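Participant: Structure file protein34.txt (compact mmCIF, C-alpha atoms) is given on the next line.
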```
# COMPACT_ATOMS: atom_id res chain seq x y z
CA MET A 200 48.66 1.83 -49.71
CA LYS A 201 48.82 4.91 -51.89
CA LEU A 202 45.85 5.26 -54.21
CA ILE A 203 45.11 8.27 -56.35
CA GLY A 204 42.30 8.52 -58.87
CA LEU A 205 38.82 9.50 -59.85
CA VAL A 206 35.60 8.78 -58.01
CA SER A 207 34.97 5.64 -60.03
CA LEU A 208 38.40 4.23 -59.21
CA LEU A 209 37.96 5.05 -55.54
CA PHE A 210 34.58 3.31 -55.48
CA PHE A 211 35.94 0.10 -56.96
CA ALA A 212 39.02 0.24 -54.76
CA THR A 213 36.71 0.34 -51.74
CA ALA A 214 34.17 -2.14 -53.05
CA LEU A 215 36.48 -4.75 -54.51
CA GLY A 216 39.65 -4.37 -52.47
CA VAL A 217 42.93 -2.93 -53.77
CA PRO A 218 45.93 -5.26 -53.41
CA GLY A 219 48.53 -2.65 -52.68
CA ARG A 220 50.46 -0.88 -49.98
CA ALA A 221 52.87 2.00 -49.90
CA ALA A 222 56.53 1.14 -50.20
CA THR A 223 58.35 1.19 -46.88
CA PRO A 224 61.54 3.28 -46.63
CA ALA A 225 63.60 0.12 -47.09
CA GLN A 226 61.74 -0.67 -50.30
CA GLN A 227 61.80 2.82 -51.79
CA LYS A 228 64.37 3.15 -54.53
CA THR A 229 66.89 5.88 -55.16
CA GLN A 230 65.72 7.68 -58.27
CA PRO A 231 68.43 7.84 -60.96
CA GLN A 232 69.22 11.41 -61.91
CA GLY A 233 69.27 12.65 -65.48
CA PRO A 234 67.90 15.35 -67.76
CA GLY A 235 64.21 16.16 -67.53
CA VAL A 236 61.66 15.98 -64.75
CA SER A 237 60.58 12.94 -62.78
CA ILE A 238 57.68 11.11 -64.39
CA LEU A 239 55.72 11.97 -61.24
CA GLN A 240 56.16 15.66 -62.11
CA GLU A 241 55.20 15.31 -65.78
CA PRO A 242 51.69 16.86 -66.00
CA ASP A 243 50.32 14.50 -68.68
CA HIS A 244 51.08 11.44 -66.52
CA HIS A 245 48.37 11.04 -63.85
CA LEU A 246 49.26 8.57 -61.10
CA LEU A 247 46.34 6.25 -60.32
CA TYR A 248 47.95 3.61 -58.14
CA GLU A 249 51.30 2.75 -56.56
CA ASN A 250 52.76 -0.07 -54.49
CA ALA A 251 56.22 -1.54 -53.93
CA ASP A 252 56.22 -3.29 -57.30
CA MET A 253 54.57 -0.96 -59.79
CA ARG A 254 52.89 2.32 -60.60
CA ILE A 255 49.89 2.75 -62.88
CA PHE A 256 49.38 6.03 -64.76
CA ASP A 257 46.55 7.43 -66.85
CA VAL A 258 48.44 9.27 -69.61
CA ILE A 259 46.64 11.91 -71.69
CA VAL A 260 48.60 13.99 -74.22
CA PRO A 261 46.49 16.66 -76.01
CA PRO A 262 46.47 16.81 -79.84
CA HIS A 263 49.63 18.26 -81.41
CA GLN A 264 51.29 18.78 -78.03
CA SER A 265 54.28 17.21 -76.31
CA THR A 266 55.02 16.05 -72.81
CA LEU A 267 57.81 17.64 -70.85
CA LEU A 268 61.19 15.98 -71.15
CA HIS A 269 60.92 13.32 -68.44
CA ARG A 270 62.88 10.39 -67.08
CA GLU A 271 61.76 6.84 -67.85
CA ASN A 272 63.74 5.12 -65.10
CA TYR A 273 61.98 1.74 -65.17
CA ASP A 274 60.68 -0.79 -67.67
CA PHE A 275 57.05 -0.16 -68.57
CA LEU A 276 54.06 -1.22 -70.65
CA ILE A 277 51.60 1.06 -72.38
CA ILE A 278 48.08 0.09 -73.42
CA SER A 279 46.75 2.48 -76.04
CA LEU A 280 43.04 3.19 -75.63
CA ASP A 281 42.52 4.80 -79.06
CA LYS A 282 44.05 4.77 -82.49
CA SER A 283 47.02 7.13 -82.21
CA LYS A 284 50.11 8.49 -83.93
CA ILE A 285 52.94 9.66 -81.67
CA THR A 286 56.61 10.63 -81.87
CA LEU A 287 59.13 9.55 -79.22
CA GLN A 288 62.21 11.75 -78.90
CA ARG A 289 65.02 10.44 -76.75
CA ILE A 290 68.06 12.59 -76.03
CA GLY A 291 70.82 11.92 -78.53
CA LEU A 292 68.70 9.73 -80.83
CA SER A 293 66.62 10.32 -83.93
CA PRO A 294 62.87 10.69 -83.32
CA VAL A 295 60.75 7.55 -83.69
CA GLN A 296 57.15 7.76 -84.92
CA LEU A 297 54.68 5.08 -83.85
CA LYS A 298 51.22 4.35 -85.20
CA LEU A 299 49.21 2.54 -82.55
CA PRO A 300 45.82 0.90 -83.13
CA GLU A 301 43.21 0.86 -80.41
CA GLY A 302 44.22 -1.67 -77.76
CA ALA A 303 47.88 -1.77 -78.79
CA VAL A 304 50.23 -3.02 -76.08
CA ARG A 305 53.90 -2.02 -76.18
CA PHE A 306 56.76 -2.86 -73.83
CA PHE A 307 59.68 -0.44 -73.37
CA ARG A 308 62.95 -0.76 -71.51
CA GLY A 309 63.66 2.07 -69.09
CA GLY A 310 66.79 4.10 -68.40
CA TYR A 311 66.53 7.25 -70.53
CA SER A 312 64.79 10.62 -70.87
CA GLN A 313 62.29 11.41 -73.62
CA THR A 314 59.41 13.55 -74.81
CA VAL A 315 56.21 12.13 -76.31
CA THR A 316 54.45 14.16 -79.00
CA ASN A 317 50.88 13.49 -80.05
CA ASP A 318 50.79 13.90 -83.84
CA GLY A 319 47.06 13.17 -84.06
CA ASN A 320 43.90 15.26 -83.90
CA ARG A 321 42.52 13.68 -80.75
CA PRO A 322 44.05 13.10 -77.30
CA PHE A 323 46.59 10.30 -77.04
CA ARG A 324 45.43 8.31 -74.05
CA ASN A 325 47.07 5.22 -72.65
CA VAL A 326 47.43 3.25 -69.45
CA MET A 327 51.08 3.06 -68.44
CA ILE A 328 52.26 0.34 -66.04
CA GLU A 329 55.73 0.99 -64.68
CA PHE A 330 57.58 -1.94 -63.04
CA LEU A 331 59.62 -0.73 -60.06
CA ASN A 332 61.22 -4.13 -59.41
CA PRO A 333 63.19 -6.21 -61.96
CA LEU A 334 60.10 -8.20 -62.90
CA THR A 335 60.72 -7.78 -66.62
CA SER A 336 64.42 -8.67 -66.65
CA GLY A 337 65.29 -10.23 -69.98
CA GLY A 338 62.83 -7.94 -71.71
CA CYS A 339 61.20 -8.71 -75.02
CA SER A 340 62.61 -10.61 -77.98
CA CYS A 341 61.50 -10.91 -81.59
CA THR A 342 60.50 -14.56 -81.69
CA GLY A 343 57.41 -14.29 -83.89
CA GLY A 344 53.73 -14.14 -83.06
CA PRO A 345 52.07 -11.60 -80.75
CA ALA A 346 55.35 -10.90 -78.93
CA ASP A 347 56.69 -9.12 -81.99
CA ALA A 348 53.98 -6.46 -81.85
CA ILE A 349 54.37 -6.01 -78.08
CA CYS A 350 58.14 -5.62 -78.42
CA GLY A 351 57.93 -3.25 -81.39
CA CYS A 352 59.78 -5.62 -83.71
CA PRO A 353 60.13 -4.75 -87.42
CA ASN A 354 57.35 -6.05 -89.69
CA ALA A 355 55.30 -7.26 -86.75
CA SER A 356 51.71 -8.23 -87.48
CA PRO A 357 48.88 -6.57 -85.51
CA LEU A 358 47.90 -8.32 -82.31
CA PRO A 359 45.12 -10.90 -82.76
CA ALA A 360 41.89 -10.75 -80.77
CA ASN A 361 43.30 -13.08 -78.10
CA TRP A 362 46.97 -13.51 -77.23
CA GLU A 363 49.35 -14.10 -74.31
CA ARG A 364 53.02 -13.30 -73.71
CA ARG A 365 55.47 -13.65 -70.81
CA ILE A 366 57.99 -10.85 -70.27
CA GLY A 367 60.37 -11.91 -67.51
CA LYS A 368 58.11 -12.73 -64.55
CA VAL A 369 55.13 -10.83 -65.94
CA ILE A 370 52.35 -12.50 -67.95
CA VAL A 371 50.45 -10.17 -70.28
CA ALA A 372 47.40 -11.28 -72.26
CA GLY A 373 44.85 -9.59 -74.50
CA VAL A 374 41.24 -10.83 -74.42
CA THR A 375 38.23 -10.04 -76.59
CA LEU A 376 34.85 -11.29 -75.34
CA ALA A 377 31.68 -11.45 -77.43
CA PRO A 378 28.39 -10.56 -75.70
CA GLY A 379 27.59 -13.29 -73.17
CA ALA A 380 30.98 -14.99 -73.57
CA SER A 381 33.17 -15.96 -70.59
CA TYR A 382 36.90 -16.13 -69.89
CA SER A 383 38.44 -18.20 -67.07
CA ILE A 384 41.69 -17.32 -65.30
CA ALA A 385 43.27 -19.82 -62.92
CA SER A 386 46.42 -18.71 -61.10
CA GLN A 387 47.82 -18.25 -57.59
CA MET A 388 49.92 -15.21 -58.53
CA THR A 389 49.54 -12.45 -55.96
CA THR A 390 49.20 -9.51 -58.37
CA ARG A 391 46.47 -10.00 -60.95
CA PHE A 392 44.38 -7.34 -62.63
CA LEU A 393 42.46 -6.52 -65.81
CA VAL A 394 42.79 -3.21 -67.67
CA ALA A 395 39.64 -2.19 -69.55
CA VAL A 396 40.36 -1.28 -73.18
CA THR A 397 36.65 -0.81 -73.90
CA PRO A 398 33.90 0.00 -71.37
CA PHE A 399 33.72 -2.90 -68.96
CA ASP A 400 30.52 -4.60 -67.76
CA VAL A 401 31.27 -8.10 -66.50
CA LEU A 402 30.24 -10.63 -63.89
CA ASN A 403 33.31 -11.81 -61.97
CA ASP A 404 32.85 -15.27 -60.43
CA SER A 405 35.59 -16.42 -58.04
CA VAL A 406 36.25 -18.94 -55.30
CA HIS A 407 36.28 -16.18 -52.68
CA GLU A 408 33.38 -14.36 -51.06
CA PRO A 409 31.41 -12.75 -52.50
CA ARG A 410 31.50 -15.28 -55.30
CA HIS A 411 29.59 -13.17 -57.84
CA VAL A 412 30.47 -9.49 -58.36
CA GLU A 413 29.28 -7.27 -61.20
CA VAL A 414 32.00 -4.87 -62.29
CA ARG A 415 31.44 -1.77 -64.41
CA LEU A 416 34.39 0.37 -65.44
CA PRO A 417 35.15 2.97 -68.10
CA ALA A 418 37.97 2.31 -70.55
CA GLY A 419 41.35 2.84 -68.95
CA ARG A 420 40.46 1.67 -65.44
CA PHE A 421 41.41 -1.64 -63.87
CA HIS A 422 39.90 -4.47 -61.85
CA TRP A 423 41.80 -6.60 -59.33
CA LEU A 424 41.39 -10.38 -59.30
CA SER A 425 41.67 -12.59 -56.23
CA PRO A 426 44.04 -15.62 -56.30
CA GLY A 427 42.65 -18.87 -57.66
CA LEU A 428 40.04 -19.41 -60.34
CA ASN A 429 38.19 -16.37 -61.65
CA THR A 430 35.69 -16.32 -64.50
CA VAL A 431 34.56 -13.08 -66.13
CA GLN A 432 31.47 -12.96 -68.32
CA ASN A 433 30.59 -10.13 -70.70
CA LEU A 434 27.21 -8.76 -69.59
CA SER A 435 26.99 -6.05 -72.26
CA SER A 436 25.47 -6.23 -75.74
CA GLN A 437 28.82 -5.26 -77.33
CA PRO A 438 32.17 -7.05 -77.56
CA LEU A 439 34.56 -5.96 -74.84
CA ARG A 440 38.35 -5.98 -74.68
CA PHE A 441 40.76 -6.04 -71.77
CA VAL A 442 44.41 -6.74 -71.01
CA LYS A 443 45.25 -9.18 -68.21
CA ILE A 444 48.46 -8.69 -66.20
CA GLU A 445 49.76 -11.17 -63.62
CA PHE A 446 52.97 -11.54 -61.61
CA TRP A 447 54.28 -12.53 -58.21
CA GLY A 448 54.44 -9.30 -56.28
CA THR A 449 53.21 -7.54 -53.18
CA PRO A 450 51.19 -10.08 -51.13
CA VAL A 451 47.50 -9.29 -51.09
CA ASN A 452 44.32 -10.46 -49.42
CA PRO A 453 41.32 -11.60 -51.47
CA PRO A 454 39.01 -8.70 -52.43
CA ALA A 455 36.45 -7.91 -49.75
CA GLY A 456 33.57 -7.31 -52.18
CA THR A 457 30.11 -5.97 -51.42
CA ASP A 458 26.62 -7.39 -51.07
```
Show me, as structure tokens, the structure contained in the file I just sent.
Facilitator:
Amino acid sequence: MKLIGLVSLLFFATALGVPGRAATPAQQKTQPQGPGVSILQEPDHHLLYENADMRIFDVIVPPHQSTLLHRENYDFLIISLDKSKITLQRIGLSPVQLKLPEGAVRFFRGGYSQTVTNDGNRPFRNVMIEFLNPLTSGGCSCTGGPADAICGCPNASPLPANWERRIGKVIVAGVTLAPGASYSIASQMTTRFLVAVTPFDVLNDSVHEPRHVEVRLPAGRFHWLSPGLNTVQNLSSQPLRFVKIEFWGTPVNPPAGTD
């Protein structure tokens, strides 16, 4: 397993178990060549986690600055942590400006090089999840409802407080929990995690030991779920928001947990 991150991420990786492992040479992919640097060499993209199926980045672009021209080789999702205004510039195409509300989720096809410019007065921060296997084949389509906002369709309505969408083999859902409220997740998928959009203080009940784990995370970090039924309860006095992501991927063991 390759795990890179801050002290808080390392603590929860140790305490709760991280379902990942480094790709073996047979699984590692030949990187397509093209203009720009590898995303791993782009200084505003900070690698937090990697396994054979995906990479997770903490992306922070300072106000009124641009990333280096970099290659987006794979399909990816971004989860915007703040209200932002950015410009995407792909080689050979006109620039595209996006206005993203806090908690916006957008899916992008890979296979090009681009720069990202932060047009706002505060850092543009997002969690980027890059899919290294063809989990999102088929992509997004403009069929109405929450999927339109995720796929960047014209005239899409903002995402509601709670929504769910399948993109290929990946299930993505947005959840808002009032203080004291609970959310149950029942699935046997091997890769399952929650990305905190707001600060995260929940009680995670599961069928595995330990059955009750309190999880506290800052916005932008993630919490792994064990297979089977999990229930998360908001322990804070404020509403909290997270994005759930599930797919069949690298086999994992249930989290080890702590006393």
Participant: Would you kindly return, as an MDAnalysis selection string, each protein, DNA or RNA residue with an atom no farther than 7 Å from any atom of range 438-441 of chain A, considering only C-alpha atoms and excluding same-chain residues fewer than 6 positions away?
Facilitator: chainID A and resid 373:378 393:399
Participant: What residues have an atom no more than 10 Å from (66.8, -4.6, -86.0) in the file's own frame, counting all atoms listed in the file, and can you write them as a compact mmCIF listing (two decimals) with C-alpha atoms, keeping the file's coordinate frame?
Facilitator:
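Listing of part.txt after writing:
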```
# COMPACT_ATOMS: atom_id res chain seq x y z
CA CYS A 341 61.50 -10.91 -81.59
CA CYS A 352 59.78 -5.62 -83.71
CA PRO A 353 60.13 -4.75 -87.42
```
Participant: Can you work out which one of A:Glu408, A:Glu241, A:Asp400, A:Glu445 has the shortest atom-to-atom distance to Thr314 in chain A, counting only C-alpha atoms?
Facilitator: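 When distances to Thr314 in chain A are compared using only C-alpha atoms, the smallest one comes from A:Glu241.
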Participant: Nearest to Ala303 in chain A among A:Phe421, A:Trp362, A:Trp447, A:Tyr382, with distances taken over all atoms listed in the file: which residue is it?
Facilitator: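 For Ala303 in chain A, the nearest of the given residues is A:Trp362.
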Participant: Would you mind reading off the distance between CA of Gly309 in chain A and CA of Ser279 in chain A, one decimal, in Å?
Facilitator: 18.3 Å
Participant: Between CA of Phe275 in chain A and CA of Phe323 in chain A, measure the distance and give it in Å to one decimal.
Facilitator: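 These atoms are spaced 17.0 Å apart.
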Participant: Hey, which of A:Val315, A:Phe307, A:Ser381, A:Trp423 ends up closest to Ile366 in chain A? Count all atoms listed in the file.
Facilitator: A:Phe307
Participant: I want to know what sits within 9 Å of Ser283 in chain A, based on only C-alpha atoms, with residues of the same chain fewer than 3 positions away left out; could you give that as a ChimeraX atom specification?
Facilitator: /A:279-280,297-301,317-324
Participant: Mind giving me the straight-line distance from CA of Leu292 in chain A to CA of Glu271 in chain A in Å, one decimal?
Facilitator: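 Straight-line distance from CA of Leu292 in chain A to CA of Glu271 in chain A works out to 15.0 Å.
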Participant: Between A:Ile277, A:Leu434, A:Leu267, A:Val236, which one has atoms that come closest to Val304 in chain A, using only C-alpha atoms?
Facilitator: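 Closest residue, counting only C-alpha atoms: A:Ile277.
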Participant: Under the rule that only C-alpha atoms are counted, which of A:Ala372, A:Phe330, A:Gly351, A:Arg420 is the nearest residue to Gln296 in chain A?
Facilitator: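 Among A:Ala372, A:Phe330, A:Gly351, A:Arg420, it is A:Gly351 that comes nearest to Gln296 in chain A.
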Participant: Generate the missing atoms of range 349-362 of chain A up to N, CA and C atoms and report them as an mmCIF file, in the frame of the given file.
Facilitator:
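Output contents, as saved in result_27.cif:
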```cif
data_model
loop_
_atom_site.group_PDB
_atom_site.id
_atom_site.type_symbol
_atom_site.label_atom_id
_atom_site.label_comp_id
_atom_site.auth_asym_id
_atom_site.auth_seq_id
_atom_site.Cartn_x
_atom_site.Cartn_y
_atom_site.Cartn_z
ATOM 1 N N ILE A 349 54.185 -6.571 -79.418
ATOM 2 C CA ILE A 349 54.370 -6.010 -78.080
ATOM 3 C C ILE A 349 55.768 -5.425 -77.931
ATOM 4 N N CYS A 350 56.753 -6.059 -78.548
ATOM 5 C CA CYS A 350 58.140 -5.620 -78.420
ATOM 6 C C CYS A 350 58.531 -4.584 -79.471
ATOM 7 N N GLY A 351 57.623 -4.241 -80.364
ATOM 8 C CA GLY A 351 57.930 -3.250 -81.390
ATOM 9 C C GLY A 351 58.909 -3.752 -82.431
ATOM 10 N N CYS A 352 58.856 -5.034 -82.744
ATOM 11 C CA CYS A 352 59.780 -5.620 -83.710
ATOM 12 C C CYS A 352 59.425 -5.195 -85.137
ATOM 13 N N PRO A 353 60.407 -5.106 -86.031
ATOM 14 C CA PRO A 353 60.130 -4.750 -87.420
ATOM 15 C C PRO A 353 59.186 -5.747 -88.082
ATOM 16 N N ASN A 354 58.278 -5.226 -88.902
ATOM 17 C CA ASN A 354 57.350 -6.050 -89.690
ATOM 18 C C ASN A 354 56.428 -6.912 -88.831
ATOM 19 N N ALA A 355 56.188 -6.492 -87.616
ATOM 20 C CA ALA A 355 55.300 -7.260 -86.750
ATOM 21 C C ALA A 355 53.863 -7.150 -87.235
ATOM 22 N N SER A 356 53.123 -8.233 -87.129
ATOM 23 C CA SER A 356 51.710 -8.230 -87.480
ATOM 24 C C SER A 356 50.902 -7.624 -86.333
ATOM 25 N N PRO A 357 49.723 -7.079 -86.604
ATOM 26 C CA PRO A 357 48.880 -6.570 -85.510
ATOM 27 C C PRO A 357 48.531 -7.691 -84.538
ATOM 28 N N LEU A 358 48.283 -7.328 -83.301
ATOM 29 C CA LEU A 358 47.900 -8.320 -82.310
ATOM 30 C C LEU A 358 46.560 -8.946 -82.687
ATOM 31 N N PRO A 359 46.417 -10.261 -82.517
ATOM 32 C CA PRO A 359 45.120 -10.900 -82.760
ATOM 33 C C PRO A 359 44.138 -10.552 -81.641
ATOM 34 N N ALA A 360 42.918 -11.051 -81.772
ATOM 35 C CA ALA A 360 41.890 -10.750 -80.770
ATOM 36 C C ALA A 360 42.263 -11.296 -79.400
ATOM 37 N N ASN A 361 42.916 -12.460 -79.372
ATOM 38 C CA ASN A 361 43.300 -13.080 -78.100
ATOM 39 C C ASN A 361 44.759 -13.528 -78.192
ATOM 40 N N TRP A 362 45.538 -13.194 -77.195
ATOM 41 C CA TRP A 362 46.970 -13.510 -77.230
ATOM 42 C C TRP A 362 47.500 -13.523 -75.794
#
```
